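Q: Input structure_18.tsv, format and content: TSV, N, CA and C atoms.
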chain	number	residue	atom	x	y	z
A	1	MET	N	-75.31	-178.77	62.01
A	1	MET	CA	-75.64	-177.97	63.16
A	1	MET	C	-74.57	-176.91	63.32
A	2	ILE	N	-75.00	-175.68	63.48
A	2	ILE	CA	-74.07	-174.59	63.78
A	2	ILE	C	-74.60	-173.86	65.01
A	3	TRP	N	-73.69	-173.61	65.96
A	3	TRP	CA	-74.02	-172.85	67.16
A	3	TRP	C	-73.41	-171.46	66.99
A	4	LEU	N	-74.25	-170.50	66.64
A	4	LEU	CA	-73.84	-169.11	66.48
A	4	LEU	C	-74.37	-168.30	67.65
A	5	ALA	N	-73.47	-167.61	68.33
A	5	ALA	CA	-73.86	-166.76	69.45
A	5	ALA	C	-73.63	-165.30	69.07
A	6	GLN	N	-74.54	-164.45	69.48
A	6	GLN	CA	-74.37	-163.01	69.27
A	6	GLN	C	-73.61	-162.46	70.47
A	7	ARG	N	-72.35	-162.06	70.26
A	7	ARG	CA	-71.50	-161.60	71.36
A	7	ARG	C	-71.66	-160.11	71.64
A	8	THR	N	-71.88	-159.32	70.60
A	8	THR	CA	-72.16	-157.89	70.73
A	8	THR	C	-73.27	-157.58	69.73
A	9	ASP	N	-73.65	-156.32	69.65
A	9	ASP	CA	-74.68	-155.95	68.69
A	9	ASP	C	-74.27	-156.26	67.25
A	10	GLU	N	-72.97	-156.24	66.98
A	10	GLU	CA	-72.51	-156.40	65.60
A	10	GLU	C	-71.63	-157.62	65.37
A	11	LYS	N	-71.26	-158.36	66.41
A	11	LYS	CA	-70.31	-159.45	66.25
A	11	LYS	C	-70.87	-160.77	66.77
A	12	GLY	N	-70.75	-161.81	65.93
A	12	GLY	CA	-71.16	-163.15	66.33
A	12	GLY	C	-69.96	-164.06	66.44
A	13	PHE	N	-70.15	-165.20	67.09
A	13	PHE	CA	-69.08	-166.19	67.24
A	13	PHE	C	-69.68	-167.57	67.03
A	14	ILE	N	-69.05	-168.34	66.16
A	14	ILE	CA	-69.48	-169.73	65.95
A	14	ILE	C	-68.74	-170.60	66.95
A	15	TYR	N	-69.48	-171.15	67.89
A	15	TYR	CA	-68.89	-172.02	68.92
A	15	TYR	C	-68.75	-173.46	68.45
A	16	ASP	N	-69.59	-173.87	67.53
A	16	ASP	CA	-69.52	-175.26	67.08
A	16	ASP	C	-70.17	-175.38	65.72
A	17	ILE	N	-69.62	-176.24	64.91
A	17	ILE	CA	-70.24	-176.65	63.65
A	17	ILE	C	-70.04	-178.15	63.55
A	18	ASN	N	-71.10	-178.84	63.18
A	18	ASN	CA	-71.04	-180.30	63.13
A	18	ASN	C	-71.81	-180.80	61.91
A	19	ILE	N	-71.09	-181.43	61.02
A	19	ILE	CA	-71.70	-182.12	59.89
A	19	ILE	C	-71.51	-183.61	60.16
A	20	TRP	N	-72.57	-184.37	60.17
A	20	TRP	CA	-72.45	-185.80	60.46
A	20	TRP	C	-71.39	-186.44	59.59
A	21	GLU	N	-70.63	-187.34	60.18
A	21	GLU	CA	-69.48	-187.93	59.50
A	21	GLU	C	-69.82	-188.49	58.12
A	22	GLY	N	-70.93	-189.16	57.98
A	22	GLY	CA	-71.32	-189.71	56.68
A	22	GLY	C	-71.66	-188.68	55.63
A	23	ASN	N	-71.88	-187.44	56.07
A	23	ASN	CA	-72.23	-186.36	55.15
A	23	ASN	C	-71.10	-185.36	54.93
A	24	GLN	N	-69.94	-185.63	55.49
A	24	GLN	CA	-68.80	-184.72	55.32
A	24	GLN	C	-68.23	-184.85	53.91
A	25	SER	N	-67.59	-183.80	53.46
A	25	SER	CA	-66.96	-183.72	52.13
A	25	SER	C	-67.98	-183.79	50.99
A	26	LYS	N	-69.19	-183.33	51.26
A	26	LYS	CA	-70.24	-183.30	50.24
A	26	LYS	C	-70.75	-181.88	49.99
A	27	GLY	N	-70.09	-180.89	50.60
A	27	GLY	CA	-70.50	-179.50	50.41
A	27	GLY	C	-71.48	-178.97	51.45
A	28	TYR	N	-71.89	-179.82	52.40
A	28	TYR	CA	-72.86	-179.37	53.40
A	28	TYR	C	-72.27	-178.34	54.36
A	29	GLY	N	-70.99	-178.48	54.68
A	29	GLY	CA	-70.34	-177.51	55.56
A	29	GLY	C	-70.33	-176.13	54.92
A	30	LYS	N	-69.97	-176.08	53.65
A	30	LYS	CA	-69.96	-174.80	52.93
A	30	LYS	C	-71.36	-174.20	52.87
A	31	GLN	N	-72.33	-175.03	52.55
A	31	GLN	CA	-73.71	-174.55	52.47
A	31	GLN	C	-74.19	-174.06	53.83
A	32	ALA	N	-73.85	-174.78	54.89
A	32	ALA	CA	-74.27	-174.37	56.23
A	32	ALA	C	-73.64	-173.04	56.62
A	33	MET	N	-72.37	-172.86	56.29
A	33	MET	CA	-71.70	-171.60	56.61
A	33	MET	C	-72.31	-170.44	55.82
A	34	GLN	N	-72.66	-170.67	54.58
A	34	GLN	CA	-73.29	-169.63	53.78
A	34	GLN	C	-74.67	-169.27	54.35
A	35	GLU	N	-75.40	-170.28	54.79
A	35	GLU	CA	-76.74	-170.03	55.37
A	35	GLU	C	-76.64	-169.26	56.69
A	36	ILE	N	-75.62	-169.58	57.51
A	36	ILE	CA	-75.50	-168.90	58.80
A	36	ILE	C	-75.15	-167.43	58.59
A	37	GLU	N	-74.45	-167.12	57.50
A	37	GLU	CA	-74.17	-165.72	57.19
A	37	GLU	C	-75.45	-164.96	56.89
A	38	ILE	N	-76.38	-165.60	56.22
A	38	ILE	CA	-77.68	-164.97	55.93
A	38	ILE	C	-78.42	-164.68	57.24
A	39	VAL	N	-78.42	-165.67	58.12
A	39	VAL	CA	-79.07	-165.50	59.43
A	39	VAL	C	-78.39	-164.37	60.20
A	40	ALA	N	-77.07	-164.36	60.20
A	40	ALA	CA	-76.32	-163.34	60.94
A	40	ALA	C	-76.66	-161.94	60.44
A	41	LYS	N	-76.73	-161.77	59.14
A	41	LYS	CA	-77.08	-160.47	58.57
A	41	LYS	C	-78.49	-160.05	58.97
A	42	LYS	N	-79.41	-161.02	58.99
A	42	LYS	CA	-80.80	-160.70	59.36
A	42	LYS	C	-80.92	-160.19	60.79
A	43	ILE	N	-80.03	-160.65	61.67
A	43	ILE	CA	-80.10	-160.19	63.07
A	43	ILE	C	-79.15	-159.01	63.32
A	44	GLY	N	-78.56	-158.48	62.26
A	44	GLY	CA	-77.77	-157.26	62.36
A	44	GLY	C	-76.28	-157.44	62.61
A	45	LEU	N	-75.78	-158.65	62.51
A	45	LEU	CA	-74.35	-158.85	62.73
A	45	LEU	C	-73.55	-158.33	61.55
A	46	LYS	N	-72.39	-157.77	61.85
A	46	LYS	CA	-71.48	-157.26	60.82
A	46	LYS	C	-70.29	-158.19	60.60
A	47	SER	N	-70.02	-159.08	61.56
A	47	SER	CA	-68.90	-160.02	61.43
A	47	SER	C	-69.17	-161.28	62.25
A	48	ILE	N	-68.48	-162.34	61.86
A	48	ILE	CA	-68.56	-163.62	62.57
A	48	ILE	C	-67.14	-164.09	62.81
A	49	GLU	N	-66.86	-164.50	64.04
A	49	GLU	CA	-65.58	-165.09	64.39
A	49	GLU	C	-65.78	-166.57	64.65
A	50	LEU	N	-64.69	-167.33	64.59
A	50	LEU	CA	-64.72	-168.74	64.96
A	50	LEU	C	-63.32	-169.18	65.31
A	51	HIS	N	-63.20	-170.33	65.94
A	51	HIS	CA	-61.90	-170.93	66.25
A	51	HIS	C	-61.78	-172.20	65.43
A	52	VAL	N	-60.59	-172.42	64.90
A	52	VAL	CA	-60.31	-173.67	64.18
A	52	VAL	C	-58.92	-174.13	64.60
A	53	PHE	N	-58.79	-175.40	64.87
A	53	PHE	CA	-57.49	-175.95	65.25
A	53	PHE	C	-56.56	-175.92	64.05
A	54	GLY	N	-55.29	-175.60	64.30
A	54	GLY	CA	-54.30	-175.49	63.24
A	54	GLY	C	-54.16	-176.75	62.41
A	55	HIS	N	-54.33	-177.90	63.04
A	55	HIS	CA	-54.15	-179.17	62.32
A	55	HIS	C	-55.35	-179.54	61.45
A	56	ASN	N	-56.46	-178.82	61.59
A	56	ASN	CA	-57.67	-179.13	60.84
A	56	ASN	C	-57.63	-178.42	59.48
A	57	LYS	N	-56.83	-178.97	58.58
A	57	LYS	CA	-56.59	-178.33	57.29
A	57	LYS	C	-57.84	-178.27	56.42
A	58	VAL	N	-58.70	-179.26	56.54
A	58	VAL	CA	-59.94	-179.25	55.74
A	58	VAL	C	-60.82	-178.07	56.14
A	59	ALA	N	-61.04	-177.92	57.44
A	59	ALA	CA	-61.87	-176.81	57.93
A	59	ALA	C	-61.22	-175.47	57.62
A	60	ARG	N	-59.93	-175.37	57.85
A	60	ARG	CA	-59.23	-174.12	57.58
A	60	ARG	C	-59.36	-173.74	56.10
A	61	GLY	N	-59.22	-174.72	55.22
A	61	GLY	CA	-59.37	-174.46	53.80
A	61	GLY	C	-60.76	-173.95	53.45
A	62	LEU	N	-61.77	-174.57	54.04
A	62	LEU	CA	-63.15	-174.14	53.81
A	62	LEU	C	-63.35	-172.70	54.26
A	63	TYR	N	-62.92	-172.39	55.49
A	63	TYR	CA	-63.13	-171.05	56.02
A	63	TYR	C	-62.38	-170.01	55.19
A	64	GLU	N	-61.18	-170.34	54.76
A	64	GLU	CA	-60.43	-169.40	53.93
A	64	GLU	C	-61.14	-169.15	52.60
A	65	LYS	N	-61.68	-170.20	51.98
A	65	LYS	CA	-62.43	-170.04	50.73
A	65	LYS	C	-63.66	-169.16	50.92
A	66	LEU	N	-64.23	-169.19	52.12
A	66	LEU	CA	-65.42	-168.39	52.42
A	66	LEU	C	-65.09	-166.97	52.85
A	67	GLY	N	-63.79	-166.63	52.90
A	67	GLY	CA	-63.40	-165.26	53.21
A	67	GLY	C	-62.95	-165.00	54.63
A	68	TYR	N	-62.85	-166.03	55.45
A	68	TYR	CA	-62.36	-165.85	56.82
A	68	TYR	C	-60.84	-165.68	56.78
A	69	ILE	N	-60.32	-164.80	57.63
A	69	ILE	CA	-58.88	-164.57	57.68
A	69	ILE	C	-58.36	-164.85	59.09
A	70	GLU	N	-57.10	-165.24	59.17
A	70	GLU	CA	-56.48	-165.50	60.47
A	70	GLU	C	-56.31	-164.19	61.22
A	71	LYS	N	-56.72	-164.19	62.49
A	71	LYS	CA	-56.59	-163.01	63.33
A	71	LYS	C	-55.65	-163.25	64.50
A	72	ASN	N	-55.40	-164.53	64.83
A	72	ASN	CA	-54.60	-164.85	65.99
A	72	ASN	C	-54.02	-166.25	65.78
A	73	ILE	N	-52.78	-166.43	66.14
A	73	ILE	CA	-52.16	-167.75	66.03
A	73	ILE	C	-51.54	-168.08	67.39
A	74	LYS	N	-51.93	-169.18	67.96
A	74	LYS	CA	-51.38	-169.66	69.23
A	74	LYS	C	-50.44	-170.81	68.92
A	75	MET	N	-49.27	-170.79	69.52
A	75	MET	CA	-48.30	-171.84	69.25
A	75	MET	C	-47.87	-172.52	70.55
A	76	GLU	N	-47.44	-173.76	70.45
A	76	GLU	CA	-47.03	-174.53	71.64
A	76	GLU	C	-45.95	-175.51	71.24
A	77	LYS	N	-45.05	-175.77	72.16
A	77	LYS	CA	-44.01	-176.78	71.95
A	77	LYS	C	-44.02	-177.73	73.14
A	78	THR	N	-44.14	-179.03	72.85
A	78	THR	CA	-44.08	-180.03	73.90
A	78	THR	C	-42.61	-180.31	74.22
A	79	LEU	N	-42.28	-180.30	75.49
A	79	LEU	CA	-40.90	-180.53	75.91
A	79	LEU	C	-40.69	-181.96	76.38
Just give me the structure of the file as structure tokens.
A:
Amino acid sequence: MIWLAQRTDEKGFIYDINIWEGNQSKGYGKQAMQEIEIVAKKIGLKSIELHVFGHNKVARGLYEKLGYIEKNIKMEKTL
């Protein structure tokens, strides 16, 4: 499941992506992301943004392989 919202005429945002736990690490996330790009292009989007937690190395690796680049880094220190 991917929740893609059209934020402007040309920009979309992925609010959520969910691959059932038993189906993770089988390539379904990559396939889903590639399919959502096709849908995005059909509705006229020129770019897609998303948020990924820094500690989620698996997701970050997938997005980087698909061509997503870091645009913002938020940092925090617990005192």
Q: Give me, as a list in words, all polymer residues having an atom no more than 8 Å from A:Asp16, counting only C-alpha atoms and skipping those fewer than 4 positions away in the same chain.
A: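 Contacts, in chain order: Met1, Ile2, Trp3 and Leu4 of chain A.
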Q: Just list the residues in chain A DSSP gives strand (DSSP E or B) on the backbone, as a ChimeraX atom specification.
A: /A:2-6,11-17,47-50
Q: So the first atom is atom C of A:Tyr15 and the second is atom CA of A:Ile36; what is the distance between them in Å, to one decimal place?
A: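 Answer for the atom C of A:Tyr15 to atom CA of A:Ile36 separation: 12.6 Å.
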Q: Atom CA of A:Lys71 and atom CA of A:Trp20 are how many Å apart?
A: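 Value for the atom CA of A:Lys71-atom CA of A:Trp20 distance: 27.9 Å.
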Q: Taking into account all atoms listed in the file, which residue in the set A:Leu62, A:Ile38, A:Leu50, A:Ala32 is nearest to A:Phe13?
A: A:Leu50
Q: Quick one: of A:Lys46, A:Glu37, A:Gln24, A:Phe53, who's nearest to A:Gly12, counting only N, CA and C atoms?
A: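 Closest residue, counting only N, CA and C atoms: A:Lys46.
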Q: What lies within 6.5 Å of stretch 40-44 of chain A using all atoms listed in the file, ignoring chain neighbours under 4 positions off, as a VMD selection string?
A: chain A and resid 9 to 11 35 to 36
Q: I need the chosen residues saved as an mmCIF file, in the frame of the given file, with N, CA and C atoms.
A:
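Okay, result32.cif is ready:
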data_model
loop_
_atom_site.group_PDB
_atom_site.id
_atom_site.type_symbol
_atom_site.label_atom_id
_atom_site.label_comp_id
_atom_site.auth_asym_id
_atom_site.auth_seq_id
_atom_site.Cartn_x
_atom_site.Cartn_y
_atom_site.Cartn_z
ATOM 1 N N ASP A 9 -73.650 -156.320 69.650
ATOM 2 C CA ASP A 9 -74.680 -155.950 68.690
ATOM 3 C C ASP A 9 -74.270 -156.260 67.250
ATOM 4 N N GLU A 10 -72.970 -156.240 66.980
ATOM 5 C CA GLU A 10 -72.510 -156.400 65.600
ATOM 6 C C GLU A 10 -71.630 -157.620 65.370
ATOM 7 N N LYS A 11 -71.260 -158.360 66.410
ATOM 8 C CA LYS A 11 -70.310 -159.450 66.250
ATOM 9 C C LYS A 11 -70.870 -160.770 66.770
ATOM 10 N N GLU A 35 -75.400 -170.280 54.790
ATOM 11 C CA GLU A 35 -76.740 -170.030 55.370
ATOM 12 C C GLU A 35 -76.640 -169.260 56.690
ATOM 13 N N ILE A 36 -75.620 -169.580 57.510
ATOM 14 C CA ILE A 36 -75.500 -168.900 58.800
ATOM 15 C C ILE A 36 -75.150 -167.430 58.590
#
Q: Looking at A:His55, A:Lys65, A:Lys74, A:Lys30, which one is nearest to A:Asn18, with distances taken over only C-alpha atoms?
A: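 The answer is A:Lys30, which sits nearest to A:Asn18.
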Q: Which value, in Å to one decimal, gives the distance between atom CA of A:His51 and atom C of A:Glu64?
A: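 Distance reported for this atom pair: 13.8 Å.
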Q: Give the alpha helix (DSSP H) residues of chain A, as assigned by DSSP on the backbone, as a list in words.
A: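 Restricting chain A to alpha helix (DSSP H) produces Tyr28, Gly29, Lys30, Gln31, Ala32, Met33, Gln34, Glu35, Ile36, Glu37, Ile38, Val39, Ala40, Lys41, Lys42, Lys57, Val58, Ala59, Arg60, Gly61, Leu62, Tyr63, Glu64 and Lys65 of chain A.
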Q: So which residues touch A:Glu76 within 12 Å, counting only C-alpha atoms, skipping near sequence neighbours fewer than 3 positions away, as a list of chain:residue names?
A: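 Counting only the stated atoms, we get A:Gly54, A:Ile73, A:Leu79.
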Q: Produce a file of the selected residues containing N, CA and C atoms, as a PDB file, in the coordinates of the input.
A:
ATOM      1  N   GLY A  54     -55.290-175.600  64.300  1.00  0.00           N
ATOM      2  CA  GLY A  54     -54.300-175.490  63.240  1.00  0.00           C
ATOM      3  C   GLY A  54     -54.160-176.750  62.410  1.00  0.00           C
ATOM      4  N   ILE A  73     -52.780-166.430  66.140  1.00  0.00           N
ATOM      5  CA  ILE A  73     -52.160-167.750  66.030  1.00  0.00           C
ATOM      6  C   ILE A  73     -51.540-168.080  67.390  1.00  0.00           C
ATOM      7  N   LEU A  79     -42.280-180.300  75.490  1.00  0.00           N
ATOM      8  CA  LEU A  79     -40.900-180.530  75.910  1.00  0.00           C
ATOM      9  C   LEU A  79     -40.690-181.960  76.380  1.00  0.00           C
TER      10      LEU A  79
END
Q: Quick one: residues within 12 Å of A:Gly67, only C-alpha atoms counted, chain neighbours fewer than 6 positions away excluded, as a PyMOL selection string?
A: chain A and resi 30+33-34+37+47-49+60-61
